[in-house]
Each structure stands twice: as structure tokens, then as C-alpha cells.
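Coordinates as given in model_31.cif (mmCIF, C-alpha atoms):
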```cif
data_data
#
loop_
_atom_site.label_atom_id
_atom_site.label_comp_id
_atom_site.auth_asym_id
_atom_site.auth_seq_id
_atom_site.Cartn_x
_atom_site.Cartn_y
_atom_site.Cartn_z
CA MET A 30 26.91 -59.45 20.44
CA PRO A 31 24.23 -58.31 17.92
CA LEU A 32 22.97 -54.76 18.17
CA ASP A 33 19.41 -54.16 19.25
CA PRO A 34 17.39 -53.34 16.09
CA GLU A 35 15.35 -50.67 17.86
CA ARG A 36 18.57 -48.98 18.99
CA ASP A 37 19.85 -49.19 15.43
CA ARG A 38 16.73 -47.42 14.22
CA LEU A 39 17.01 -44.80 16.96
CA SER A 40 20.68 -44.23 16.17
CA GLY A 41 19.84 -43.87 12.51
CA ARG A 42 17.07 -41.42 13.30
CA VAL A 43 19.32 -39.28 15.49
CA ALA A 44 22.01 -39.28 12.81
CA ARG A 45 19.50 -38.32 10.12
CA PHE A 46 18.07 -35.56 12.30
CA ALA A 47 21.54 -34.11 12.78
CA ARG A 48 22.36 -34.32 9.07
CA VAL A 49 19.09 -32.71 7.98
CA GLY A 50 19.29 -30.06 10.67
CA ALA A 51 22.85 -29.11 9.81
CA GLY A 52 21.96 -28.57 6.19
CA LEU A 53 18.95 -26.42 6.97
CA SER A 54 20.74 -24.47 9.70
CA GLY A 55 23.52 -23.57 7.29
CA ALA A 56 20.99 -22.43 4.73
CA ALA A 57 19.12 -20.41 7.34
CA ALA A 58 22.28 -18.63 8.47
CA ALA A 59 23.17 -17.69 4.91
CA ILE A 60 19.64 -16.53 4.22
CA GLY A 61 19.70 -14.36 7.33
CA ALA A 62 22.88 -12.68 6.12
CA ASN A 63 21.41 -12.16 2.68
CA ALA A 64 18.28 -10.62 4.17
CA LEU A 65 20.40 -7.84 5.69
CA ILE A 66 21.47 -6.85 2.19
CA GLY A 67 17.91 -6.58 0.97
CA ARG A 68 15.51 -9.20 -0.32
CA SER A 69 14.79 -7.69 -3.70
CA GLU A 70 17.88 -9.28 -5.25
CA GLN A 71 18.31 -12.15 -2.82
CA ASP A 72 15.14 -14.22 -3.16
CA VAL A 73 16.54 -16.44 -5.88
CA ARG A 74 19.83 -16.89 -4.00
CA ASN A 75 17.98 -17.71 -0.77
CA ALA A 76 15.80 -20.26 -2.54
CA ARG A 77 18.87 -21.88 -4.08
CA LEU A 78 20.49 -22.22 -0.65
CA VAL A 79 17.45 -24.08 0.71
CA GLY A 80 17.29 -26.20 -2.41
CA GLN A 81 20.95 -27.14 -2.12
CA ALA A 82 20.51 -28.11 1.53
CA LEU A 83 17.59 -30.39 0.64
CA GLY A 84 19.23 -31.68 -2.50
CA ARG A 85 21.94 -33.40 -0.46
CA LEU A 86 19.33 -35.46 1.37
CA LYS A 87 17.51 -38.64 0.44
CA GLY A 88 14.09 -40.06 1.07
CA PRO A 89 10.93 -38.55 2.57
CA LEU A 90 12.04 -34.94 3.02
CA MET A 91 12.52 -34.72 -0.73
CA LYS A 92 8.92 -35.82 -1.16
CA VAL A 93 7.74 -33.28 1.40
CA ALA A 94 9.67 -30.51 -0.36
CA GLN A 95 8.30 -31.41 -3.77
CA MET A 96 4.79 -31.64 -2.32
CA ALA A 97 5.07 -28.18 -0.79
CA ALA A 98 6.39 -26.80 -4.07
CA THR A 99 3.20 -27.79 -5.90
CA VAL A 100 1.06 -25.50 -3.70
CA PRO A 101 1.64 -22.10 -5.34
CA ASP A 102 0.34 -19.95 -2.48
CA LEU A 103 2.43 -21.77 0.14
CA LEU A 104 5.99 -20.85 -0.86
CA PRO A 105 7.46 -17.96 -2.85
CA PRO A 106 7.87 -18.57 -6.59
CA GLU A 107 11.66 -18.67 -6.36
CA LEU A 108 11.68 -21.31 -3.62
CA ALA A 109 8.89 -23.34 -5.22
CA GLN A 110 10.75 -23.45 -8.53
CA GLU A 111 13.96 -24.56 -6.81
CA LEU A 112 12.22 -27.33 -4.86
CA SER A 113 10.17 -28.57 -7.80
CA SER A 114 13.39 -29.11 -9.75
CA LEU A 115 14.72 -31.52 -7.13
CA GLN A 116 14.41 -35.23 -7.80
CA ALA A 117 13.98 -37.93 -5.18
CA ASN A 118 17.49 -39.34 -5.03
CA ALA A 119 17.14 -42.40 -2.79
CA PRO A 120 19.15 -45.09 -4.60
CA PRO A 121 17.26 -48.28 -5.50
CA MET A 122 17.75 -51.35 -3.34
CA GLY A 123 20.12 -53.90 -4.86
CA PRO A 124 19.07 -57.51 -5.60
CA SER A 125 20.38 -58.97 -2.33
CA PHE A 126 18.60 -56.26 -0.36
CA VAL A 127 15.39 -56.87 -2.30
CA ARG A 128 15.54 -60.58 -1.50
CA ARG A 129 15.88 -59.83 2.21
CA ARG A 130 13.06 -57.29 2.16
CA MET A 131 10.72 -59.62 0.27
CA ALA A 132 11.50 -62.46 2.70
CA ALA A 133 10.75 -60.13 5.61
CA GLU A 134 7.32 -59.33 4.14
CA LEU A 135 6.20 -62.67 2.62
CA GLY A 136 8.43 -65.24 4.32
CA PRO A 137 11.52 -67.20 3.22
CA ASP A 138 9.64 -69.00 0.41
CA TRP A 139 8.42 -65.74 -1.11
CA ILE A 140 9.89 -66.37 -4.57
CA GLY A 141 7.79 -69.52 -4.94
CA ARG A 142 4.62 -67.43 -4.71
CA PHE A 143 5.43 -65.83 -8.08
CA ASP A 144 5.99 -67.43 -11.47
CA SER A 145 8.73 -64.84 -12.04
CA PHE A 146 10.08 -61.77 -10.26
CA GLU A 147 12.49 -59.13 -11.60
CA LEU A 148 14.98 -58.13 -8.92
CA GLU A 149 15.93 -54.94 -10.75
CA PRO A 150 13.26 -52.27 -10.14
CA ALA A 151 11.11 -50.95 -12.96
CA ALA A 152 10.81 -47.65 -11.08
CA ALA A 153 12.27 -46.12 -7.92
CA ALA A 154 11.00 -43.19 -5.87
CA SER A 155 11.49 -41.55 -2.48
CA LEU A 156 9.58 -44.07 -0.31
CA GLY A 157 9.89 -47.31 -2.26
CA GLN A 158 10.37 -49.01 -5.61
CA VAL A 159 8.30 -51.07 -8.05
CA HIS A 160 9.25 -54.46 -9.51
CA ARG A 161 7.71 -56.34 -12.41
CA ALA A 162 6.55 -59.87 -11.66
CA THR A 163 4.32 -62.62 -13.04
CA ALA A 164 1.66 -64.37 -10.98
CA GLN A 165 1.40 -68.15 -10.95
CA ASP A 166 -1.72 -67.82 -13.12
CA GLY A 167 0.25 -65.80 -15.71
CA ARG A 168 -1.02 -62.31 -14.87
CA LEU A 169 1.51 -59.46 -15.07
CA LEU A 170 2.05 -57.80 -11.71
CA ALA A 171 3.52 -54.64 -10.23
CA VAL A 172 5.11 -55.18 -6.81
CA LYS A 173 5.64 -52.01 -4.77
CA LEU A 174 8.25 -52.57 -2.03
CA GLN A 175 8.86 -49.94 0.65
CA TYR A 176 12.41 -49.02 1.57
CA PRO A 177 13.50 -50.18 5.06
CA ASP A 178 12.98 -47.97 8.11
CA MET A 179 10.86 -45.45 6.23
CA GLN A 180 8.62 -44.76 9.20
CA SER A 181 11.59 -43.60 11.25
CA ALA A 182 12.94 -41.53 8.36
CA VAL A 183 9.55 -39.93 7.73
CA GLU A 184 9.12 -38.88 11.37
CA THR A 185 12.60 -37.36 11.37
CA ASP A 186 12.01 -35.48 8.15
CA LEU A 187 8.56 -34.23 9.16
CA SER A 188 10.04 -32.72 12.30
CA GLN A 189 12.49 -30.82 10.10
CA MET A 190 9.86 -29.79 7.57
CA ARG A 191 8.58 -27.19 10.00
CA ALA A 192 11.93 -25.43 9.77
CA VAL A 193 11.61 -25.25 5.99
CA MET A 194 8.08 -23.86 6.25
CA ALA A 195 9.16 -21.35 8.89
CA LEU A 196 11.89 -20.07 6.57
CA GLY A 197 9.41 -19.60 3.78
CA ARG A 198 6.85 -17.93 6.05
CA SER A 199 9.22 -15.53 7.81
CA LEU A 200 11.18 -14.45 4.77
CA PHE A 201 8.79 -14.57 1.87
CA GLY A 202 5.10 -14.63 2.67
CA GLN A 203 2.04 -13.91 4.75
CA VAL A 204 0.52 -17.40 4.75
CA ASP A 205 0.27 -19.12 8.12
CA THR A 206 1.50 -22.61 7.29
CA ARG A 207 0.62 -24.47 10.51
CA GLU A 208 -2.53 -26.14 9.17
CA ILE A 209 -0.72 -26.90 5.92
CA VAL A 210 2.14 -28.58 7.79
CA ASP A 211 -0.35 -30.74 9.70
CA GLU A 212 -2.10 -31.77 6.49
CA ILE A 213 1.07 -32.69 4.63
CA SER A 214 2.31 -34.64 7.65
CA ALA A 215 -0.92 -36.65 7.84
CA ARG A 216 -0.87 -37.52 4.14
CA ILE A 217 2.83 -38.49 4.15
CA ARG A 218 2.22 -40.84 7.08
CA GLU A 219 -0.69 -42.39 5.19
CA GLU A 220 1.56 -43.04 2.21
CA LEU A 221 3.61 -45.40 4.36
CA ASP A 222 0.55 -47.60 4.98
CA TYR A 223 0.35 -49.88 1.94
CA ALA A 224 -2.66 -51.68 3.41
CA ARG A 225 -4.53 -48.37 3.31
CA GLU A 226 -3.30 -47.72 -0.22
CA ALA A 227 -4.66 -51.12 -1.31
CA LYS A 228 -8.09 -50.11 0.04
CA ALA A 229 -7.90 -46.76 -1.76
CA MET A 230 -6.97 -48.59 -4.96
CA ALA A 231 -9.97 -50.88 -4.52
CA LEU A 232 -12.16 -47.79 -3.93
CA TYR A 233 -11.18 -46.27 -7.28
CA ARG A 234 -11.38 -49.59 -9.08
CA ASP A 235 -14.91 -50.06 -7.75
CA PHE A 236 -15.88 -46.47 -8.57
CA PHE A 237 -14.84 -46.78 -12.23
CA ALA A 238 -15.91 -50.42 -12.64
CA ASN A 239 -18.58 -49.53 -15.20
CA ARG A 240 -16.27 -47.48 -17.42
CA ASP A 241 -14.11 -48.92 -20.17
CA ASP A 242 -11.99 -45.76 -20.55
CA ILE A 243 -10.73 -45.39 -16.95
CA GLU A 244 -9.10 -48.19 -14.97
CA ALA A 245 -7.28 -48.70 -11.67
CA PRO A 246 -5.09 -51.73 -10.86
CA GLU A 247 -6.46 -54.67 -8.88
CA PRO A 248 -4.72 -55.15 -5.51
CA LEU A 249 -3.74 -58.70 -4.52
CA PRO A 250 -4.15 -58.96 -0.72
CA GLU A 251 -2.56 -62.44 -0.57
CA LEU A 252 0.72 -60.96 -1.88
CA SER A 253 0.59 -57.71 0.08
CA THR A 254 1.43 -56.42 3.55
CA GLY A 255 1.61 -53.04 5.24
CA ARG A 256 4.93 -52.37 3.45
CA LEU A 257 4.43 -54.42 0.29
CA LEU A 258 1.70 -53.84 -2.28
CA THR A 259 1.17 -56.24 -5.17
CA MET A 260 -1.28 -55.29 -7.92
CA SER A 261 -2.12 -56.01 -11.53
CA TRP A 262 0.18 -54.40 -14.07
CA LEU A 263 -1.54 -51.89 -16.38
CA GLU A 264 0.35 -51.35 -19.61
CA GLY A 265 0.35 -47.86 -21.07
CA ARG A 266 2.36 -44.86 -22.19
CA GLY A 267 2.93 -41.63 -20.30
CA LEU A 268 1.22 -38.34 -21.02
CA THR A 269 4.34 -36.81 -22.60
CA HIS A 270 4.08 -39.39 -25.40
CA PHE A 271 0.88 -37.67 -26.57
CA THR A 272 1.86 -34.00 -26.49
CA GLU A 273 2.25 -34.03 -30.29
CA ALA A 274 -0.88 -36.12 -30.95
CA THR A 275 -3.93 -34.79 -32.76
CA GLN A 276 -6.03 -32.14 -31.07
CA GLU A 277 -8.85 -34.66 -30.77
CA THR A 278 -6.61 -37.13 -28.92
CA ARG A 279 -5.19 -34.47 -26.62
CA ASN A 280 -8.69 -33.20 -25.82
CA ARG A 281 -9.83 -36.75 -25.05
CA ILE A 282 -6.91 -37.23 -22.63
CA ALA A 283 -7.74 -33.93 -20.90
CA ARG A 284 -11.40 -34.92 -20.57
CA LEU A 285 -10.42 -38.26 -19.03
CA LEU A 286 -8.06 -36.53 -16.58
CA PHE A 287 -10.78 -34.05 -15.63
CA GLU A 288 -13.36 -36.77 -15.06
CA THR A 289 -10.92 -39.00 -13.17
CA TRP A 290 -10.25 -36.21 -10.70
CA TRP A 291 -13.56 -34.39 -10.48
CA THR A 292 -16.18 -37.17 -10.64
CA PRO A 293 -15.03 -39.03 -7.48
CA LEU A 294 -14.91 -35.71 -5.62
CA ILE A 295 -18.48 -34.74 -6.46
CA GLN A 296 -19.95 -38.23 -6.04
CA ILE A 297 -18.06 -39.70 -3.04
CA GLY A 298 -15.99 -36.79 -1.72
CA VAL A 299 -12.56 -38.23 -2.59
CA ILE A 300 -9.67 -36.93 -4.71
CA HIS A 301 -6.46 -38.44 -6.00
CA GLY A 302 -4.10 -35.92 -4.41
CA ASP A 303 -0.87 -36.65 -6.31
CA PRO A 304 -0.92 -35.01 -9.77
CA HIS A 305 2.51 -36.34 -10.80
CA LEU A 306 2.43 -37.13 -14.53
CA GLY A 307 3.87 -40.58 -13.82
CA ASN A 308 0.63 -41.50 -12.08
CA TYR A 309 -1.28 -41.54 -15.37
CA THR A 310 -0.63 -43.78 -18.36
CA PHE A 311 -2.73 -44.33 -21.45
CA ALA A 312 -3.45 -47.54 -23.30
CA GLY A 313 -3.49 -47.73 -27.09
CA ASP A 314 -4.29 -44.43 -28.77
CA ALA A 315 -5.24 -42.95 -25.39
CA ALA A 316 -8.52 -44.85 -25.44
CA ARG A 317 -8.10 -45.73 -21.75
CA LEU A 318 -6.57 -43.88 -18.82
CA ASN A 319 -4.71 -45.98 -16.24
CA LEU A 320 -4.76 -44.33 -12.82
CA LEU A 321 -1.78 -45.31 -10.65
CA ASP A 322 -0.40 -44.74 -7.13
CA PHE A 323 -3.08 -44.39 -4.47
CA GLY A 324 -0.91 -43.44 -1.51
CA CYS A 325 -2.22 -39.87 -1.43
CA ILE A 326 -6.02 -40.13 -1.43
CA ARG A 327 -7.86 -37.32 0.37
CA ILE A 328 -11.34 -37.93 1.81
CA PHE A 329 -13.37 -34.72 2.31
CA PRO A 330 -16.40 -34.01 4.47
CA PRO A 331 -19.51 -33.55 2.27
CA SER A 332 -19.83 -30.01 3.63
CA PHE A 333 -16.43 -29.12 2.14
CA VAL A 334 -17.49 -30.37 -1.30
CA GLY A 335 -20.73 -28.42 -0.92
CA GLY A 336 -18.65 -25.33 -0.23
CA VAL A 337 -16.73 -25.89 -3.48
CA LEU A 338 -20.00 -25.72 -5.39
CA ARG A 339 -21.36 -22.78 -3.37
CA LEU A 340 -18.30 -20.70 -4.16
CA TYR A 341 -18.56 -21.62 -7.84
CA ARG A 342 -22.16 -20.38 -7.97
CA ALA A 343 -21.29 -17.28 -5.94
CA LEU A 344 -18.54 -16.40 -8.42
CA VAL A 345 -20.86 -16.98 -11.39
CA GLU A 346 -23.47 -14.68 -9.81
CA ASP A 347 -20.86 -12.19 -8.50
CA ASP A 348 -22.46 -12.44 -5.04
CA ALA A 349 -19.97 -11.13 -2.47
CA ASP A 350 -22.03 -12.23 0.53
CA ALA A 351 -22.33 -15.78 -0.80
CA GLN A 352 -18.59 -15.83 -1.52
CA ALA A 353 -17.83 -14.86 2.07
CA GLU A 354 -20.23 -17.51 3.37
CA ALA A 355 -18.54 -20.20 1.26
CA TYR A 356 -15.13 -19.26 2.68
CA ARG A 357 -16.62 -19.21 6.18
CA THR A 358 -17.97 -22.76 5.86
CA TRP A 359 -14.44 -23.89 4.94
CA GLY A 360 -13.01 -22.42 8.14
CA PHE A 361 -11.51 -19.10 7.04
CA LYS A 362 -11.42 -16.52 9.85
CA GLY A 363 -11.58 -12.72 9.92
CA LEU A 364 -13.45 -12.49 6.62
CA ASP A 365 -13.81 -8.78 5.92
CA LYS A 366 -14.42 -7.43 2.44
CA GLN A 367 -10.71 -6.93 1.73
CA LEU A 368 -9.77 -10.50 2.65
CA VAL A 369 -12.61 -11.94 0.56
CA GLU A 370 -11.40 -9.94 -2.42
CA THR A 371 -7.88 -11.26 -1.86
CA LEU A 372 -9.06 -14.87 -1.62
CA ASN A 373 -11.07 -14.32 -4.79
CA ILE A 374 -7.86 -13.65 -6.72
CA TRP A 375 -6.97 -17.30 -6.23
CA ALA A 376 -10.56 -18.56 -6.52
CA ARG A 377 -11.11 -16.83 -9.86
CA PHE A 378 -7.90 -18.40 -11.12
CA ILE A 379 -8.86 -21.94 -10.03
CA TYR A 380 -12.47 -21.58 -11.15
CA GLY A 381 -11.63 -19.44 -14.19
CA PRO A 382 -12.08 -22.12 -16.88
CA LEU A 383 -15.42 -23.10 -15.30
CA LEU A 384 -16.76 -19.54 -15.41
CA ASP A 385 -16.24 -19.20 -19.16
CA ASP A 386 -18.81 -20.90 -21.41
CA ARG A 387 -16.63 -21.46 -24.48
CA MET A 388 -13.96 -23.72 -25.94
CA ARG A 389 -10.61 -22.63 -24.48
CA THR A 390 -7.38 -23.79 -22.90
CA VAL A 391 -7.34 -24.02 -19.13
CA ALA A 392 -5.26 -20.80 -18.97
CA ASP A 393 -4.84 -18.93 -22.24
CA GLY A 394 -1.31 -17.68 -22.86
CA VAL A 395 0.24 -19.32 -19.77
CA SER A 396 3.04 -21.90 -19.80
CA PRO A 397 2.72 -25.07 -17.65
CA GLY A 398 5.62 -24.05 -15.41
CA ALA A 399 4.10 -20.64 -14.69
CA TYR A 400 0.59 -21.93 -14.00
CA GLY A 401 -0.70 -20.22 -10.85
CA ARG A 402 2.50 -18.32 -10.06
CA ARG A 403 1.26 -14.86 -11.05
CA GLU A 404 -1.93 -15.23 -9.01
CA ALA A 405 -0.02 -16.58 -6.01
CA PHE A 406 2.27 -13.55 -6.14
CA GLN A 407 -0.76 -11.22 -6.27
CA VAL A 408 -2.27 -12.93 -3.23
CA LYS A 409 1.04 -12.66 -1.37
CA LYS A 410 1.33 -8.92 -2.10
CA ALA A 411 -2.29 -8.29 -1.10
CA LEU A 412 -1.81 -10.12 2.21
CA GLU A 413 1.23 -8.03 3.15
CA SER A 414 -1.10 -5.25 4.30
CA GLN A 415 -3.64 -7.61 5.90
CA GLY A 416 -1.51 -9.91 8.03
CA PRO A 417 -1.19 -13.69 7.89
CA VAL A 418 -4.11 -15.82 6.76
CA THR A 419 -4.51 -19.41 7.89
CA ILE A 420 -5.34 -21.73 5.00
CA PRO A 421 -7.67 -24.56 6.06
CA ARG A 422 -5.84 -27.86 5.71
CA GLU A 423 -8.33 -29.36 3.26
CA PHE A 424 -7.12 -26.91 0.61
CA VAL A 425 -3.60 -28.30 0.40
CA PHE A 426 -4.36 -31.30 -1.77
CA MET A 427 -7.34 -29.68 -3.48
CA ASP A 428 -5.02 -26.94 -4.73
CA ARG A 429 -2.18 -29.37 -5.40
CA ALA A 430 -4.32 -31.58 -7.61
CA ALA A 431 -5.91 -28.62 -9.41
CA ILE A 432 -2.51 -27.07 -10.18
CA GLY A 433 -1.02 -30.38 -11.30
CA LEU A 434 -3.94 -31.13 -13.61
CA GLY A 435 -4.02 -27.60 -14.96
CA ALA A 436 -0.33 -27.84 -15.88
CA ALA A 437 -1.04 -31.17 -17.61
CA PHE A 438 -3.90 -29.60 -19.58
CA LEU A 439 -1.60 -26.79 -20.69
CA ARG A 440 1.12 -29.22 -21.66
CA LEU A 441 -1.40 -31.04 -23.83
CA GLY A 442 -2.69 -27.81 -25.35
CA ALA A 443 -6.19 -29.14 -24.67
CA GLU A 444 -9.17 -27.01 -25.68
CA LEU A 445 -12.50 -27.88 -24.09
CA ASN A 446 -15.62 -26.22 -22.76
CA TRP A 447 -14.66 -26.81 -19.14
CA ARG A 448 -17.85 -25.22 -17.83
CA ARG A 449 -20.10 -27.69 -19.63
CA LEU A 450 -17.99 -30.62 -18.41
CA PHE A 451 -18.29 -29.29 -14.89
CA GLU A 452 -22.01 -28.56 -15.02
CA ALA A 453 -22.76 -32.01 -16.44
CA SER A 454 -21.17 -33.62 -13.38
CA LEU A 455 -23.32 -31.59 -10.97
CA GLU A 456 -26.71 -32.80 -12.14
CA GLY A 457 -28.84 -33.78 -9.14
CA PHE A 458 -26.06 -33.07 -6.60
CA THR A 459 -26.99 -32.75 -2.91
CA GLU A 460 -24.76 -32.99 0.14
CA ALA A 461 -27.07 -35.62 1.61
CA ASP A 462 -26.69 -37.88 -1.43
CA LEU A 463 -22.93 -37.37 -1.37
CA ALA A 464 -22.77 -38.32 2.31
CA ARG A 465 -24.74 -41.51 1.66
CA ARG A 466 -22.68 -42.55 -1.36
CA GLN A 467 -19.43 -41.77 0.43
CA SER A 468 -20.37 -43.86 3.45
CA GLU A 469 -21.38 -46.82 1.27
CA ALA A 470 -18.30 -46.62 -0.98
CA LEU A 471 -15.83 -46.41 1.91
CA ALA A 472 -17.56 -49.23 3.79
CA ARG A 473 -17.29 -51.56 0.78
CA VAL A 474 -13.49 -51.36 0.85
CA GLY A 475 -13.01 -50.80 4.59
CA LEU A 476 -11.47 -47.34 4.17
CA THR A 477 -11.79 -44.62 6.79
#
```

Once more with this new file: its structure as C-alpha cells, please.
Amino acid sequence: MPLDPERDRLSGRVARFARVGAGLSGAAAAIGANALIGRSEQDVRNARLVGQALGRLKGPLMKVAQMAATVPDLLPPELAQELSSLQANAPPMGPSFVRRRMAAELGPDWIGRFDSFELEPAAAASLGQVHRATAQDGRLLAVKLQYPDMQSAVETDLSQMRAVMALGRSLFGQVDTREIVDEISARIREELDYAREAKAMALYRDFFANRDDIEAPEPLPELSTGRLLTMSWLEGRGLTHFTEATQETRNRIARLLFETWWTPLIQIGVIHGDPHLGNYTFAGDAARLNLLDFGCIRIFPPSFVGGVLRLYRALVEDDADAQAEAYRTWGFKGLDKQLVETLNIWARFIYGPLLDDRMRTVADGVSPGAYGRREAFQVKKALESQGPVTIPREFVFMDRAAIGLGAAFLRLGAELNWRRLFEASLEGFTEADLARRQSEALARVGLT
């Protein structure tokens, strides 16, 4: 008698929950014992224990852990470094499994809808894998196929993520992570919806349609489903290929990265929230940037973007009252003078290159791996005497993208006048215009 598929999924979820929980519980017990000895010499050991517990797992929780590690003020440096070193270790689906999955998404005659299809993946990650294919009209395609039962696995792992955050909060820091947990959970769930990702891809393709130096793939709805996304293949080389290129080439790449991230934010209130270097490739001699992977696209209220600009101007003018008002519009609570000064440690780091009207690197004398760590530690120490601060959820992917891009700029050794780039993008900005453009752009692709 065949097993009920829903029961199979439930059984798998229960088993996964037990496996994840056992690993984290063991790490927590060891950390508790270490804490009795004294944290000054145990932080690295504690972080390694959590990392080892997560490193034995596969799938979404790895993605959650890596995502959390890219937010410097969320976790302690030791734990963030340990998590960022982990790699998504879900094994790729074999050819027979791929055939079954493709048939489930496109029907038993799926192979006839392509001129060719490579069963071995070109790339594999924590939630799915990408296959090369050729359309019947000869176009090269990228086919992104989600692993089976990812929704169940994601819900299991998100329930356990709170335990990881609680460990970090109770042992290492003064940041209230509840809003951050909610934000990461929402974005991870969105990444499972390939129909939404296709709309986000179309949004960026439409936004950059008039530029020859920035391109997004074209989604093919007739070969896509909620768990299968087929798109045009964009040929290019990764950023690391250009780290030894001429200064002019490296500066051009940095400018393209800056504009690809910042311009959609200021004009339609949207950012590409995954700064992984694999999500950018460059055609030819870096004449064109290919923007890839649109699973993590964050849409912001126009008022939030307005607050970004208000804080920038308040920092330029050294206006403490205006700084406090900018934080207040974002949802920060209990804003006395001491807390504003603490928040400004991080703000002056993020905005630092924009406050300096000269050619410079994004952070002089800082290595990519250390980008933001010193400032995060200073914020943590300052908050120890002030009590926990709740970070509004919108900041998670704003910070994540800013840190990821900053590390890429440092890796390139790019030297630009960041302030002039920034100011040029602000010409004529109003929140009302942003709201109108955002509404029109999202409506064109059906994205909410």
C-alpha cells in the first residue's frame, strides 16, 4: 500500500526538526558550560560549536545561517566568521531525480520543449540547482530547479533559527533580534516562490532596459512554474577574475555595482538583497554587468528611502536633532542622546564614503573580511550599558547588501569619489515621485 505523500512530508519534517534540534541543543549545552568558565577566552570556541552543529545540516538552515552572518551587528564577530565560512552542502540531484522533477513541473513530455537539456547541473546551492539548456529557437537558457520538499524543510529550519538567534543574543550581544528573525523568515519564504522571482527579474530587466552596461536575464513564463524558473543565459566571468585588472577596469566594475544597487533603491524603492559575488558576472572586459538571482528582492516604503537620505544630510550637517528624527521615522524607540550617538557609530561607517568628497577606497586600510566588524563591536560594547535595541526589520537587507558590496569594492581595490556618485543619483528626488514610479514599475510586472 503506497504511503500518503503528505504523511511522508510530515514525517520528514519531524525527523529534520529532531536532527536540527539535537545539534543545536548539544551546542547550547556546551556553550553554557563554557560560559561558566568565562567568556573572554570562550567566544571563539562557542562560535565553533554552533558552526559545527549547523555544518552537519543541509539545505535552508545553511542559507539562513549565512544570511545572518552577513549582518555585522546581528551576531558576534566570532560567530559570524564561523557561519560565513560554511558552505551550502545540499548534494545536487542526480539525472534520474532531475527527470522526475522536470516531469512534475512541465509534464511527461518536458524534454521535447527544449532543443537540448544538460542533466548535470551547472551550479548547485541550498534551495535548488541550475541547468544549462537550449531553447527550440536556439537561445541559451538557464533552468533553475528547486529541490523537492523545500517548503517543508524551510519551515522546519526557520523554527530552529530562533534558537540560533537566541544563543547569539543571550551570550554575545545587546541586539533584540525578533524583528530581524521575522524579516529573514519572510525573505527566505519568498525565495521559494519562483513565480515571484520571475516577476522581480522582469522588474530589473525593465528598469535597466535603456542601459547597455547592465542587464538582467529574460524570464520565460511558458517554461516556468512556482518551483521551476527558466531564463535566458547571460555569459560572463565572475568578479574574482578581475581583481588583478587595471585600476580603470576595477573602478568601472565598482561603479556598475554601485549603480546596480543604489539606482533602483532611489528611483523605485527596491534593492537586490543578496550580495553574493556569484550573483554578478561581467561580459567581455567588464563592459557589461550581468545581474543574477532575484529571489531576495526587498521592496521598501518610500518613507524608508526618504529616511535614508534624511540621515545622510543630517550626518553631513552634523545635526543631532535631524539624526534622531531620521532614526525615529525608521521605527527606532527610546532615542535619547546616548542611543543616537551609538547608532551613529554604524551610520558613519555605512555612510562614511559618501561623506568624504575625494577619490578613495570604500574603507581605507580595511580588509574585505574585516569590513564592518570593528564598528559592530563598538556598537555592541556601547549597547551593553544601554540595554537591548530593536533593529527595524527593513535594515536587515539594507545592511546586508551594503556590507556585501563594500567587501566587493575592497576586494577590487576600487577608488572612486563615492559622494559624487551618490549625489548625482539624488537629483530631483522626492518621496512623492518615488511612490509614483514604484507603483507603476511594480504594476507593470505584477509584483507586490

Once the PyMOL selection byres ((chain A and resi 243) around 9) is applied to the coordinates I shared, what remains selected? I want it as a PyMOL selection string. chain A and resi 234+237-238+240-242+244-245+285+289+316-320

Suppose you want the space between atom CA of A:Gln467 and atom CA of A:Ala231; what is it in Å?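 Separation of atom CA of A:Gln467 and atom CA of A:Ala231: 14.0 Å.
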
Take the PyMOL selection byres ((chain A and resi 321) around 12), apply it to the structure above, and return the hits as a ChimeraX atom specification. /A:159,171,173,226-227,229-231,233-234,243-248,260-265,267,289,301-311,318-320,322-326

Go ahead and dump the residues you just picked, C-alpha atoms, as a JSON list (two decimals), in the coordinates of the input.
```json
[["chain", "number", "residue", "atom", "x", "y", "z"],
["A", 159, "VAL", "CA", 8.30, -51.07, -8.05],
["A", 171, "ALA", "CA", 3.52, -54.64, -10.23],
["A", 173, "LYS", "CA", 5.64, -52.01, -4.77],
["A", 226, "GLU", "CA", -3.30, -47.72, -0.22],
["A", 227, "ALA", "CA", -4.66, -51.12, -1.31],
["A", 229, "ALA", "CA", -7.90, -46.76, -1.76],
["A", 230, "MET", "CA", -6.97, -48.59, -4.96],
["A", 231, "ALA", "CA", -9.97, -50.88, -4.52],
["A", 233, "TYR", "CA", -11.18, -46.27, -7.28],
["A", 234, "ARG", "CA", -11.38, -49.59, -9.08],
["A", 243, "ILE", "CA", -10.73, -45.39, -16.95],
["A", 244, "GLU", "CA", -9.10, -48.19, -14.97],
["A", 245, "ALA", "CA", -7.28, -48.70, -11.67],
["A", 246, "PRO", "CA", -5.09, -51.73, -10.86],
["A", 247, "GLU", "CA", -6.46, -54.67, -8.88],
["A", 248, "PRO", "CA", -4.72, -55.15, -5.51],
["A", 260, "MET", "CA", -1.28, -55.29, -7.92],
["A", 261, "SER", "CA", -2.12, -56.01, -11.53],
["A", 262, "TRP", "CA", 0.18, -54.40, -14.07],
["A", 263, "LEU", "CA", -1.54, -51.89, -16.38],
["A", 264, "GLU", "CA", 0.35, -51.35, -19.61],
["A", 265, "GLY", "CA", 0.35, -47.86, -21.07],
["A", 267, "GLY", "CA", 2.93, -41.63, -20.30],
["A", 289, "THR", "CA", -10.92, -39.00, -13.17],
["A", 301, "HIS", "CA", -6.46, -38.44, -6.00],
["A", 302, "GLY", "CA", -4.10, -35.92, -4.41],
["A", 303, "ASP", "CA", -0.87, -36.65, -6.31],
["A", 304, "PRO", "CA", -0.92, -35.01, -9.77],
["A", 305, "HIS", "CA", 2.51, -36.34, -10.80],
["A", 306, "LEU", "CA", 2.43, -37.13, -14.53],
["A", 307, "GLY", "CA", 3.87, -40.58, -13.82],
["A", 308, "ASN", "CA", 0.63, -41.50, -12.08],
["A", 309, "TYR", "CA", -1.28, -41.54, -15.37],
["A", 310, "THR", "CA", -0.63, -43.78, -18.36],
["A", 311, "PHE", "CA", -2.73, -44.33, -21.45],
["A", 318, "LEU", "CA", -6.57, -43.88, -18.82],
["A", 319, "ASN", "CA", -4.71, -45.98, -16.24],
["A", 320, "LEU", "CA", -4.76, -44.33, -12.82],
["A", 322, "ASP", "CA", -0.40, -44.74, -7.13],
["A", 323, "PHE", "CA", -3.08, -44.39, -4.47],
["A", 324, "GLY", "CA", -0.91, -43.44, -1.51],
["A", 325, "CYS", "CA", -2.22, -39.87, -1.43],
["A", 326, "ILE", "CA", -6.02, -40.13, -1.43]]
```

Report the centre and edge lengths, in Å to one decimal, of an axis-aligned box enclosing every atom of stretch 385-403 of chain A listed in the file, padded by 3 Å on each side, as AutoDock Vina command-line options.
```
--center_x -6.6 --center_y -20.0 --center_z -18.0 --size_x 30.4 --size_y 16.2 --size_z 21.9
```

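Counting all atoms listed in the file, A:Ile374 has the following residues at most 8 Å away, ignoring those fewer than 5 positions along the same chain: A:Glu404, A:Gln407, A:Val408.
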